[in-house]
$ cat model18.cif   # mmCIF, C-alpha atoms
data_upload
#
loop_
_atom_site.label_atom_id
_atom_site.label_comp_id
_atom_site.auth_asym_id
_atom_site.auth_seq_id
_atom_site.Cartn_x
_atom_site.Cartn_y
_atom_site.Cartn_z
CA MET J 1 139.42 -7.30 125.45
CA LYS J 2 137.30 -5.17 123.17
CA VAL J 3 137.61 -6.82 119.75
CA ALA J 4 136.22 -5.72 116.38
CA VAL J 5 136.04 -8.63 113.91
CA VAL J 6 135.95 -7.22 110.38
CA SER J 7 134.65 -8.87 107.20
CA PRO J 8 134.94 -7.40 103.70
CA TYR J 9 132.03 -9.60 102.60
CA ASP J 10 128.31 -9.06 103.09
CA LEU J 11 127.36 -10.45 106.49
CA GLU J 12 123.83 -11.07 105.22
CA THR J 13 125.16 -13.49 102.56
CA SER J 14 126.26 -16.98 103.51
CA GLY J 15 129.91 -17.77 102.89
CA GLY J 16 132.96 -19.34 104.47
CA VAL J 17 134.62 -16.11 105.61
CA GLN J 18 131.36 -14.71 106.95
CA ALA J 19 130.72 -17.91 108.91
CA GLN J 20 134.17 -17.64 110.50
CA VAL J 21 133.67 -13.95 111.36
CA LEU J 22 130.37 -14.71 113.06
CA GLY J 23 131.71 -17.86 114.72
CA ILE J 24 134.75 -16.08 116.14
CA SER J 25 132.56 -13.23 117.38
CA ALA J 26 130.13 -15.61 119.11
CA GLY J 27 132.97 -17.62 120.67
CA LEU J 28 134.69 -14.54 122.05
CA ARG J 29 131.45 -13.24 123.51
CA ALA J 30 130.95 -16.58 125.25
CA ARG J 31 134.33 -15.96 126.89
CA ASP J 32 133.12 -12.54 128.11
CA HIS J 33 135.04 -10.39 125.62
CA ASP J 34 133.35 -7.25 124.23
CA VAL J 35 133.00 -8.04 120.52
CA VAL J 36 131.43 -6.49 117.43
CA ALA J 37 131.31 -8.02 113.93
CA ILE J 38 131.64 -5.33 111.26
CA GLY J 39 130.98 -5.81 107.56
CA PRO J 40 128.77 -4.79 104.67
CA ALA J 41 125.10 -5.64 105.08
CA GLY J 42 122.78 -5.90 102.11
CA HIS J 43 123.85 -3.13 99.73
CA VAL J 44 126.94 -4.61 98.06
CA SER J 45 128.56 -5.10 94.68
CA ARG J 46 128.99 -8.69 93.53
CA ILE J 47 132.42 -9.01 91.96
CA PRO J 48 133.71 -12.18 90.23
CA SER J 49 136.60 -13.51 92.30
CA ASN J 50 138.52 -16.81 92.35
CA GLY J 51 135.84 -18.75 90.50
CA SER J 52 133.05 -17.40 92.69
CA VAL J 53 131.38 -14.06 93.47
CA ALA J 54 132.55 -11.70 96.24
CA PRO J 55 129.77 -9.57 97.80
CA ILE J 56 131.77 -6.48 98.85
CA SER J 57 131.13 -2.81 99.50
CA LEU J 58 132.52 -0.26 97.05
CA ASP J 59 130.65 2.64 98.65
CA PRO J 60 133.23 5.34 99.61
CA ARG J 61 131.02 6.40 102.52
CA ASP J 62 131.74 3.08 104.22
CA TRP J 63 135.38 4.12 104.68
CA SER J 64 134.53 6.70 107.33
CA ARG J 65 131.67 4.64 108.75
CA VAL J 66 134.07 1.79 109.50
CA ARG J 67 136.65 4.11 111.05
CA GLU J 68 134.03 5.59 113.38
CA GLN J 69 132.92 2.15 114.59
CA LEU J 70 136.47 0.93 115.22
CA ALA J 71 137.69 3.85 117.28
CA THR J 72 136.71 2.44 120.70
CA TYR J 73 138.11 -1.10 120.28
CA ASP J 74 141.37 -2.46 121.68
CA VAL J 75 142.24 -4.75 118.80
CA LEU J 76 140.95 -5.44 115.29
CA HIS J 77 140.68 -8.85 113.65
CA ILE J 78 140.54 -8.13 109.93
CA HIS J 79 139.65 -10.91 107.50
CA GLU J 80 140.98 -10.72 103.92
CA PRO J 81 142.65 -7.38 104.70
CA LEU J 82 143.51 -6.57 101.07
CA MET J 83 139.92 -6.93 99.88
CA PRO J 84 138.09 -3.60 99.41
CA LEU J 85 136.53 -1.61 100.93
CA VAL J 86 135.69 -2.40 104.54
CA SER J 87 138.85 -4.40 105.30
CA TRP J 88 141.08 -1.80 103.61
CA SER J 89 139.62 0.88 105.82
CA ALA J 90 140.21 -1.15 108.97
CA LEU J 91 143.78 -2.10 108.01
CA THR J 92 144.85 1.49 107.32
CA SER J 93 143.42 2.69 110.66
CA ARG J 94 146.75 1.69 112.28
CA LEU J 95 144.99 0.28 115.34
CA PRO J 96 146.45 -2.92 116.91
CA SER J 97 145.45 -5.60 114.43
CA VAL J 98 145.42 -9.28 113.56
CA VAL J 99 144.75 -10.11 109.91
CA THR J 100 143.60 -13.43 108.46
CA PHE J 101 144.13 -14.53 104.88
CA HIS J 102 141.69 -17.19 103.67
CA ALA J 103 142.04 -17.51 99.91
CA ASP J 104 143.99 -19.73 97.55
CA ALA J 105 144.99 -16.74 95.46
CA SER J 106 145.01 -16.99 91.67
CA ARG J 107 148.26 -16.92 89.69
CA ALA J 108 147.62 -13.32 88.71
CA VAL J 109 147.16 -12.26 92.33
CA ARG J 110 150.25 -14.20 93.41
CA ARG J 111 152.29 -12.38 90.75
CA LEU J 112 150.91 -9.08 92.01
CA TYR J 113 151.87 -10.00 95.57
CA SER J 114 155.44 -10.73 94.42
CA VAL J 115 155.74 -7.41 92.59
CA ALA J 116 154.23 -5.45 95.49
CA ALA J 117 155.99 -7.36 98.29
CA ARG J 118 157.89 -4.38 99.74
CA PRO J 119 154.95 -1.96 100.01
CA LEU J 120 152.77 -4.75 101.39
CA LYS J 121 155.35 -5.47 104.10
CA ARG J 122 155.34 -1.78 105.02
CA LEU J 123 151.54 -1.70 104.99
CA LEU J 124 151.31 -4.60 107.45
CA GLY J 125 153.98 -3.18 109.74
CA ASP J 126 153.43 -4.55 113.28
CA VAL J 127 150.23 -6.34 112.31
CA VAL J 128 150.04 -10.01 113.39
CA VAL J 129 149.46 -12.01 110.20
CA THR J 130 147.59 -15.35 110.16
CA ALA J 131 146.42 -17.72 107.43
CA VAL J 132 143.88 -20.52 107.63
CA SER J 133 146.10 -23.16 105.96
CA PRO J 134 149.49 -23.69 104.33
CA VAL J 135 147.81 -23.04 100.97
CA ALA J 136 146.59 -19.62 102.06
CA ALA J 137 150.01 -18.95 103.66
CA SER J 138 151.86 -19.80 100.44
CA ALA J 139 149.97 -17.11 98.54
CA ILE J 140 151.26 -14.34 100.82
CA SER J 141 154.77 -15.72 101.32
CA PRO J 142 156.42 -12.86 99.33
CA PHE J 143 155.47 -10.37 102.04
CA ALA J 144 154.54 -12.27 105.23
CA LYS J 145 155.30 -15.36 107.32
CA PRO J 146 151.92 -15.98 108.92
CA ARG J 147 150.82 -18.03 111.87
CA ILE J 148 148.64 -20.92 110.69
CA ILE J 149 145.31 -20.78 112.55
CA PRO J 150 142.74 -23.02 110.85
CA ASN J 151 139.05 -22.35 110.42
CA GLY J 152 136.93 -23.34 113.39
CA ILE J 153 134.09 -25.85 113.46
CA ARG J 154 131.60 -27.15 115.98
CA ILE J 155 132.46 -30.64 117.22
CA PRO J 156 129.23 -32.68 117.59
CA LYS J 157 128.61 -34.17 121.00
CA GLN J 158 126.11 -36.74 119.73
CA HIS J 159 127.04 -39.49 117.28
CA PRO J 160 123.98 -40.98 115.57
CA GLN J 161 124.21 -44.36 113.90
CA LYS J 162 125.44 -44.23 110.32
CA THR J 163 123.06 -45.29 107.54
CA PRO J 164 124.68 -47.95 105.32
CA ASN J 165 125.37 -46.97 101.69
CA SER J 166 124.70 -43.27 102.41
CA LEU J 167 126.73 -40.46 100.85
CA VAL J 168 126.52 -36.68 101.15
CA VAL J 169 127.96 -33.64 99.38
CA LEU J 170 127.70 -30.06 100.68
CA GLY J 171 128.21 -26.72 99.00
CA ARG J 172 127.26 -24.16 96.41
CA ASP J 173 126.71 -25.15 92.79
CA ASP J 174 129.67 -23.12 91.51
CA PRO J 175 131.64 -24.82 88.69
CA ARG J 176 134.78 -25.05 90.84
CA LYS J 177 132.87 -26.94 93.55
CA GLY J 178 132.81 -29.98 91.22
CA LEU J 179 129.21 -31.12 91.49
CA ASP J 180 129.25 -31.84 87.73
CA VAL J 181 132.17 -34.22 88.27
CA LEU J 182 130.32 -36.07 91.03
CA LEU J 183 127.10 -36.37 89.04
CA GLN J 184 129.07 -37.71 86.06
CA ALA J 185 130.60 -40.33 88.34
CA TRP J 186 127.36 -41.25 90.10
CA PRO J 187 125.74 -43.62 87.52
CA ALA J 188 128.77 -45.95 87.73
CA VAL J 189 128.53 -45.94 91.53
CA PHE J 190 124.78 -46.55 91.51
CA GLN J 191 125.12 -49.35 88.98
CA ALA J 192 127.67 -51.13 91.18
CA HIS J 193 125.75 -50.37 94.40
CA PRO J 194 121.99 -50.13 93.68
CA HIS J 195 121.24 -49.45 97.35
CA ALA J 196 123.55 -46.42 97.47
CA HIS J 197 121.95 -43.05 98.16
CA LEU J 198 123.50 -39.60 97.66
CA THR J 199 122.15 -36.47 99.38
CA VAL J 200 123.11 -33.16 97.77
CA VAL J 201 122.86 -30.33 100.31
CA GLY J 202 122.80 -26.78 98.96
CA ARG J 203 120.91 -24.59 96.52
CA VAL J 204 121.10 -26.88 93.50
CA GLU J 205 118.65 -27.18 90.61
CA ARG J 206 119.38 -30.32 88.60
CA PRO J 207 117.29 -32.98 86.83
CA ALA J 208 116.23 -35.95 88.96
CA MET J 209 118.69 -38.85 89.15
CA ASP J 210 118.30 -42.38 90.47
CA GLY J 211 119.64 -42.69 93.98
CA VAL J 212 120.03 -38.93 94.48
CA THR J 213 118.09 -36.54 96.74
CA PHE J 214 118.56 -32.81 96.15
CA ALA J 215 117.84 -31.53 99.65
CA GLY J 216 118.30 -27.83 98.87
CA PHE J 217 119.31 -25.36 101.55
CA VAL J 218 119.00 -26.78 105.08
CA ASN J 219 119.41 -25.26 108.55
CA GLU J 220 122.30 -26.20 110.84
CA ASP J 221 120.32 -28.80 112.77
CA GLU J 222 119.30 -30.61 109.58
CA LYS J 223 122.83 -30.39 108.22
CA ASP J 224 124.12 -31.96 111.44
CA ARG J 225 121.55 -34.75 111.13
CA ILE J 226 122.47 -35.49 107.51
CA LEU J 227 126.20 -35.47 108.23
CA GLY J 228 125.74 -37.53 111.37
CA THR J 229 123.89 -40.33 109.58
CA SER J 230 125.90 -40.29 106.32
CA ARG J 231 128.73 -42.78 106.04
CA ILE J 232 130.67 -41.11 103.21
CA MET J 233 131.23 -37.43 102.42
CA VAL J 234 132.25 -36.48 98.89
CA ALA J 235 134.29 -33.34 98.24
CA PRO J 236 134.65 -33.11 94.43
CA GLN J 237 135.99 -29.54 94.24
CA VAL J 238 138.11 -28.84 91.17
CA SER J 239 140.27 -25.89 92.27
CA GLY J 240 140.47 -22.70 94.30
CA GLU J 241 140.22 -24.28 97.76
CA SER J 242 142.39 -22.99 100.60
CA PHE J 243 140.89 -25.03 103.43
CA GLY J 244 137.76 -27.17 103.08
CA ILE J 245 135.40 -26.35 105.92
CA THR J 246 132.82 -28.90 104.75
CA LEU J 247 135.50 -31.61 104.89
CA ALA J 248 136.32 -30.70 108.46
CA GLU J 249 132.61 -30.75 109.36
CA GLY J 250 132.15 -34.14 107.70
CA MET J 251 135.15 -35.58 109.50
CA ALA J 252 133.89 -34.22 112.83
CA ALA J 253 130.67 -36.14 112.13
CA GLY J 254 132.69 -39.32 111.53
CA CYS J 255 132.19 -39.46 107.75
CA LEU J 256 134.72 -41.26 105.59
CA VAL J 257 135.86 -38.52 103.19
CA VAL J 258 136.43 -39.06 99.47
CA ALA J 259 137.98 -35.81 98.26
CA SER J 260 139.82 -34.21 95.38
CA ASP J 261 143.57 -34.43 95.81
CA LEU J 262 144.06 -30.71 96.40
CA PRO J 263 146.77 -29.38 98.75
CA ALA J 264 144.17 -27.81 101.04
CA PHE J 265 142.24 -31.07 101.30
CA ARG J 266 145.42 -33.01 102.07
CA PHE J 267 145.97 -30.56 104.95
CA VAL J 268 142.46 -31.06 106.33
CA THR J 269 142.17 -34.83 105.87
CA ASN J 270 145.68 -35.41 107.27
CA GLY J 271 145.81 -38.98 106.00
CA ARG J 272 142.27 -39.76 107.16
CA GLY J 273 140.58 -39.75 103.75
CA ILE J 274 140.52 -41.22 100.26
CA LEU J 275 141.79 -38.84 97.56
CA PHE J 276 141.27 -38.79 93.78
CA GLU J 277 142.60 -36.63 90.97
CA ALA J 278 140.60 -33.41 90.86
CA GLY J 279 138.15 -33.26 87.96
CA ASP J 280 138.49 -36.95 87.04
CA ALA J 281 134.97 -38.44 87.14
CA LEU J 282 136.15 -41.96 86.27
CA GLN J 283 138.65 -42.01 89.10
CA LEU J 284 136.07 -40.54 91.49
CA ALA J 285 133.64 -43.34 90.61
CA LYS J 286 136.38 -45.91 91.26
CA LYS J 287 137.28 -44.38 94.64
CA LEU J 288 133.62 -44.13 95.69
CA ASN J 289 133.08 -47.78 94.82
CA GLU J 290 136.15 -48.68 96.86
CA ALA J 291 134.87 -46.58 99.78
CA MET J 292 131.49 -48.30 99.63
CA GLU J 293 133.16 -51.70 99.91
CA VAL J 294 136.03 -50.93 102.29
CA ASP J 295 136.22 -52.73 105.60
CA VAL J 296 137.12 -49.62 107.56
CA SER J 297 140.63 -49.86 108.98
CA SER J 298 141.77 -48.32 112.26
CA GLU J 299 143.11 -45.27 110.42
CA LEU J 300 139.74 -44.68 108.75
CA SER J 301 137.44 -45.60 111.62
CA GLU J 302 134.78 -43.11 112.69
CA ASP J 303 136.60 -42.44 115.97
CA GLU J 304 139.96 -41.87 114.26
CA ILE J 305 138.40 -39.49 111.74
CA ARG J 306 136.59 -37.53 114.47
CA THR J 307 139.77 -37.28 116.52
CA SER J 308 141.69 -35.89 113.53
CA ALA J 309 139.01 -33.21 113.04
CA GLY J 310 139.31 -32.16 116.69
CA ARG J 311 142.22 -29.87 115.85
CA PHE J 312 139.70 -27.53 114.19
CA SER J 313 137.49 -27.16 117.29
CA TRP J 314 136.45 -23.64 118.18
CA ASP J 315 138.10 -23.93 121.61
CA LEU J 316 141.54 -24.45 120.08
CA VAL J 317 141.06 -21.90 117.30
CA LEU J 318 139.89 -19.19 119.72
CA ASN J 319 142.84 -19.87 122.03
CA ASP J 320 145.20 -19.27 119.11
CA TYR J 321 143.44 -16.07 118.08
CA ILE J 322 143.46 -14.69 121.61
CA ASP J 323 147.23 -15.29 121.68
CA ALA J 324 147.46 -13.37 118.40
CA TYR J 325 145.38 -10.47 119.81
CA GLU J 326 147.67 -10.24 122.82
CA ALA J 327 150.69 -10.19 120.51
CA ALA J 328 149.13 -7.37 118.45
CA LEU J 329 148.55 -5.34 121.61
CA LYS J 330 152.20 -5.84 122.69
CA ASN J 331 153.39 -4.79 119.24
CA SER J 332 151.53 -1.50 119.61
CA LEU J 333 153.22 -0.51 122.87
#

$ encode --input "model18.cif" --output "structure tokens"
Amino acid sequence: MKVAVVSPYDLETSGGVQAQVLGISAGLRARDHDVVAIGPAGHVSRIPSNGSVAPISLDPRDWSRVREQLATYDVLHIHEPLMPLVSWSALTSRLPSVVTFHADASRAVRRLYSVAARPLKRLLGDVVVTAVSPVAASAISPFAKPRIIPNGIRIPKQHPQKTPNSLVVLGRDDPRKGLDVLLQAWPAVFQAHPHAHLTVVGRVERPAMDGVTFAGFVNEDEKDRILGTSRIMVAPQVSGESFGITLAEGMAAGCLVVASDLPAFRFVTNGRGILFEAGDALQLAKKLNEAMEVDVSSELSEDEIRTSAGRFSWDLVLNDYIDAYEAALKNSL
């Protein structure tokens, strides 16, 4: 098939949706499909959205540019189809399409979806609708019943030995990512376990703390090394999560996950993690201390955790999307 994978977000900016767009494109090419990834590049507007910033194009000229690029493709895979401007243009082209919803929409957006349910149903028409998790699916339930196709991750083939007392956290330093909660909890963990060591991966500028290394931005190989040797992954996000790609990556590396008790994280951990009340630093410290001391049971062994993460492998995710593309093509006949 000739597939155009469309992102509303700047493909030169790192982000979860962009990583999925590029990962899907690379995976399809490896299976000998003719694929192009289309999205803004560089010149974008940065709009506050869902506790973060969305780097999108608001340039009207991009409407026709997108249409011109799409004309020769068999099927479109449009991510966040209701996000302007690039995804809107692709969706209204009326070409055979699969759309993927990623976000845990805010209350205001959910209310808007309810009010606009009928026109949104008409807009989607014969489009095949997917969502990355039950949380993302619930947001669009007024106008669609999507297929659940999770985000894809690489499954490591090598399993380095875990370093005792090692913890890791990944992600941006946005308030909703909960790094403040973790750093509030950390002194109690370090006091109880003086040999504990936390690695913070991501662009973070914070004062030095005992037992903490701020590693900054790292490449994929270094991230794999850190995850592979870390025993515990912490996911302290406060809100706004629809999936939890870093959780899935940590589980694939065999990390014991200590995560906020958010619906999306319950979906990803699938009973193979330790959960705490989101935003509660005292409870997080307690759960981390328990995780440091736990004699890992069969349900929380490295092998069991890795096996649970296998359902997010790119092979399975791409199979599901190819099925969706074929359905979109049949719908257009």

$ closest_residue --input "model18.cif" --among "J:Val53, J:Leu58, J:Ala235, J:Val218" --to "J:Asp174" --atoms "all atoms listed in the file"
J:Val53

$ residues_around --input "model18.cif" --residues "J:Leu123" --least-positions-apart "6" --cutoff "12 Å" --atoms "all atoms listed in the file" --output "list in words"
Pro81, Leu82, Trp88, Leu91, Thr92, Ser93, Arg94, Ser97, Val99, Ala116, Ala117, Val129, Phe143 and Ala144 of chain J

$ atom_distance --input "model18.cif" --atom1 "atom CA of J:Gly15" --atom2 "atom CA of J:Ile305"
24.9 Å

$ atom_distance --input "model18.cif" --atom1 "atom CA of J:Ala328" --atom2 "atom CA of J:Val75"
7.4 Å

$ resolve_selection --input "model18.cif" --expression "the PyMOL selection byres ((chain J and resi 292) around 9)" --output "list in words"
Pro164, Asn165, Ser166, Val189, His193, Ala196, Arg231, Ile232, Lys287, Leu288, Asn289, Glu290, Ala291, Glu293, Val294 and Asp295 of chain J

$ closest_residue --input "model18.cif" --among "J:Ile47, J:Val36, J:Met1, J:Ala285" --to "J:Asp323" --atoms "only C-alpha atoms"
J:Met1

$ residues_around --input "model18.cif" --residues "J:Ala30" --least-positions-apart "6" --cutoff "12 Å" --atoms "only C-alpha atoms" --output "list of chain:residue names"
J:Gly23, J:Ile24, J:Trp314, J:Asp315, J:Leu318

$ resolve_selection --input "model18.cif" --expression "the PyMOL selection byres ((chain J and resi 145) around 12)" --output "list in words"
Thr100, Phe101, Lys121, Leu124, Val127, Val128, Val129, Thr130, Ala131, Pro134, Ala136, Ala137, Ser138, Ala139, Ile140, Ser141, Pro142, Phe143, Ala144, Pro146, Arg147 and Ile148 of chain J

$ residues_near_point --input "model18.cif" --point "(140.1, -19.4, 118.4)" --cutoff "12 Å" --atoms "all atoms listed in the file" --output "PDB file with C-alpha atoms, in the coordinates of the input"
ATOM      1  CA  GLN J  20     134.170 -17.640 110.500  1.00  0.00           C
ATOM      2  CA  VAL J  21     133.670 -13.950 111.360  1.00  0.00           C
ATOM      3  CA  GLY J  23     131.710 -17.860 114.720  1.00  0.00           C
ATOM      4  CA  ILE J  24     134.750 -16.080 116.140  1.00  0.00           C
ATOM      5  CA  SER J  25     132.560 -13.230 117.380  1.00  0.00           C
ATOM      6  CA  ALA J  26     130.130 -15.610 119.110  1.00  0.00           C
ATOM      7  CA  GLY J  27     132.970 -17.620 120.670  1.00  0.00           C
ATOM      8  CA  LEU J  28     134.690 -14.540 122.050  1.00  0.00           C
ATOM      9  CA  ARG J  29     131.450 -13.240 123.510  1.00  0.00           C
ATOM     10  CA  ALA J  30     130.950 -16.580 125.250  1.00  0.00           C
ATOM     11  CA  ARG J  31     134.330 -15.960 126.890  1.00  0.00           C
ATOM     12  CA  HIS J  77     140.680  -8.850 113.650  1.00  0.00           C
ATOM     13  CA  THR J 130     147.590 -15.350 110.160  1.00  0.00           C
ATOM     14  CA  VAL J 132     143.880 -20.520 107.630  1.00  0.00           C
ATOM     15  CA  ILE J 148     148.640 -20.920 110.690  1.00  0.00           C
ATOM     16  CA  ILE J 149     145.310 -20.780 112.550  1.00  0.00           C
ATOM     17  CA  PRO J 150     142.740 -23.020 110.850  1.00  0.00           C
ATOM     18  CA  ASN J 151     139.050 -22.350 110.420  1.00  0.00           C
ATOM     19  CA  GLY J 152     136.930 -23.340 113.390  1.00  0.00           C
ATOM     20  CA  ILE J 153     134.090 -25.850 113.460  1.00  0.00           C
ATOM     21  CA  ARG J 154     131.600 -27.150 115.980  1.00  0.00           C
ATOM     22  CA  ARG J 311     142.220 -29.870 115.850  1.00  0.00           C
ATOM     23  CA  PHE J 312     139.700 -27.530 114.190  1.00  0.00           C
ATOM     24  CA  SER J 313     137.490 -27.160 117.290  1.00  0.00           C
ATOM     25  CA  TRP J 314     136.450 -23.640 118.180  1.00  0.00           C
ATOM     26  CA  ASP J 315     138.100 -23.930 121.610  1.00  0.00           C
ATOM     27  CA  LEU J 316     141.540 -24.450 120.080  1.00  0.00           C
ATOM     28  CA  VAL J 317     141.060 -21.900 117.300  1.00  0.00           C
ATOM     29  CA  LEU J 318     139.890 -19.190 119.720  1.00  0.00           C
ATOM     30  CA  ASN J 319     142.840 -19.870 122.030  1.00  0.00           C
ATOM     31  CA  ASP J 320     145.200 -19.270 119.110  1.00  0.00           C
ATOM     32  CA  TYR J 321     143.440 -16.070 118.080  1.00  0.00           C
ATOM     33  CA  ILE J 322     143.460 -14.690 121.610  1.00  0.00           C
ATOM     34  CA  ASP J 323     147.230 -15.290 121.680  1.00  0.00           C
ATOM     35  CA  ALA J 324     147.460 -13.370 118.400  1.00  0.00           C
ATOM     36  CA  TYR J 325     145.380 -10.470 119.810  1.00  0.00           C
TER      37      TYR J 325
END

$ closest_residue --input "model18.cif" --among "J:Arg107, J:Asn50, J:Pro8, J:Arg118" --to "J:Glu80" --atoms "all atoms listed in the file"
J:Pro8

$ build_atoms --input "model18.cif" --residues "stretch 104-119 of chain J" --atoms "N, CA and C atoms" --output "short mmCIF file (atom, residue, chain, number, x, y, z; two decimals), in the frame of the given file"
data_model
loop_
_atom_site.label_atom_id
_atom_site.label_comp_id
_atom_site.auth_asym_id
_atom_site.auth_seq_id
_atom_site.Cartn_x
_atom_site.Cartn_y
_atom_site.Cartn_z
N ASP J 104 142.97 -19.17 98.44
CA ASP J 104 143.99 -19.73 97.55
C ASP J 104 144.06 -18.78 96.37
N ALA J 105 144.96 -17.81 96.44
CA ALA J 105 144.99 -16.74 95.46
C ALA J 105 145.32 -17.27 94.06
N SER J 106 144.75 -16.62 93.06
CA SER J 106 145.01 -16.99 91.67
C SER J 106 146.46 -16.68 91.30
N ARG J 107 146.90 -17.20 90.14
CA ARG J 107 148.26 -16.92 89.69
C ARG J 107 148.48 -15.44 89.49
N ALA J 108 147.48 -14.76 88.96
CA ALA J 108 147.62 -13.32 88.71
C ALA J 108 147.82 -12.56 90.02
N VAL J 109 147.04 -12.93 91.03
CA VAL J 109 147.16 -12.26 92.33
C VAL J 109 148.50 -12.59 92.98
N ARG J 110 148.95 -13.84 92.85
CA ARG J 110 150.25 -14.20 93.41
C ARG J 110 151.37 -13.41 92.75
N ARG J 111 151.28 -13.21 91.43
CA ARG J 111 152.29 -12.38 90.75
C ARG J 111 152.25 -10.95 91.27
N LEU J 112 151.04 -10.44 91.48
CA LEU J 112 150.91 -9.08 92.01
C LEU J 112 151.52 -8.99 93.40
N TYR J 113 151.28 -9.99 94.23
CA TYR J 113 151.87 -10.00 95.57
C TYR J 113 153.40 -9.98 95.50
N SER J 114 153.98 -10.71 94.55
CA SER J 114 155.44 -10.73 94.42
C SER J 114 155.97 -9.36 94.01
N VAL J 115 155.30 -8.73 93.06
CA VAL J 115 155.74 -7.41 92.59
C VAL J 115 155.60 -6.37 93.69
N ALA J 116 154.53 -6.47 94.48
CA ALA J 116 154.23 -5.45 95.49
C ALA J 116 154.68 -5.87 96.89
N ALA J 117 155.62 -6.81 96.99
CA ALA J 117 155.99 -7.36 98.29
C ALA J 117 156.48 -6.28 99.27
N ARG J 118 157.33 -5.39 98.83
CA ARG J 118 157.89 -4.38 99.74
C ARG J 118 156.82 -3.44 100.29
N PRO J 119 155.99 -2.83 99.44
CA PRO J 119 154.95 -1.96 100.01
C PRO J 119 153.95 -2.71 100.87
#
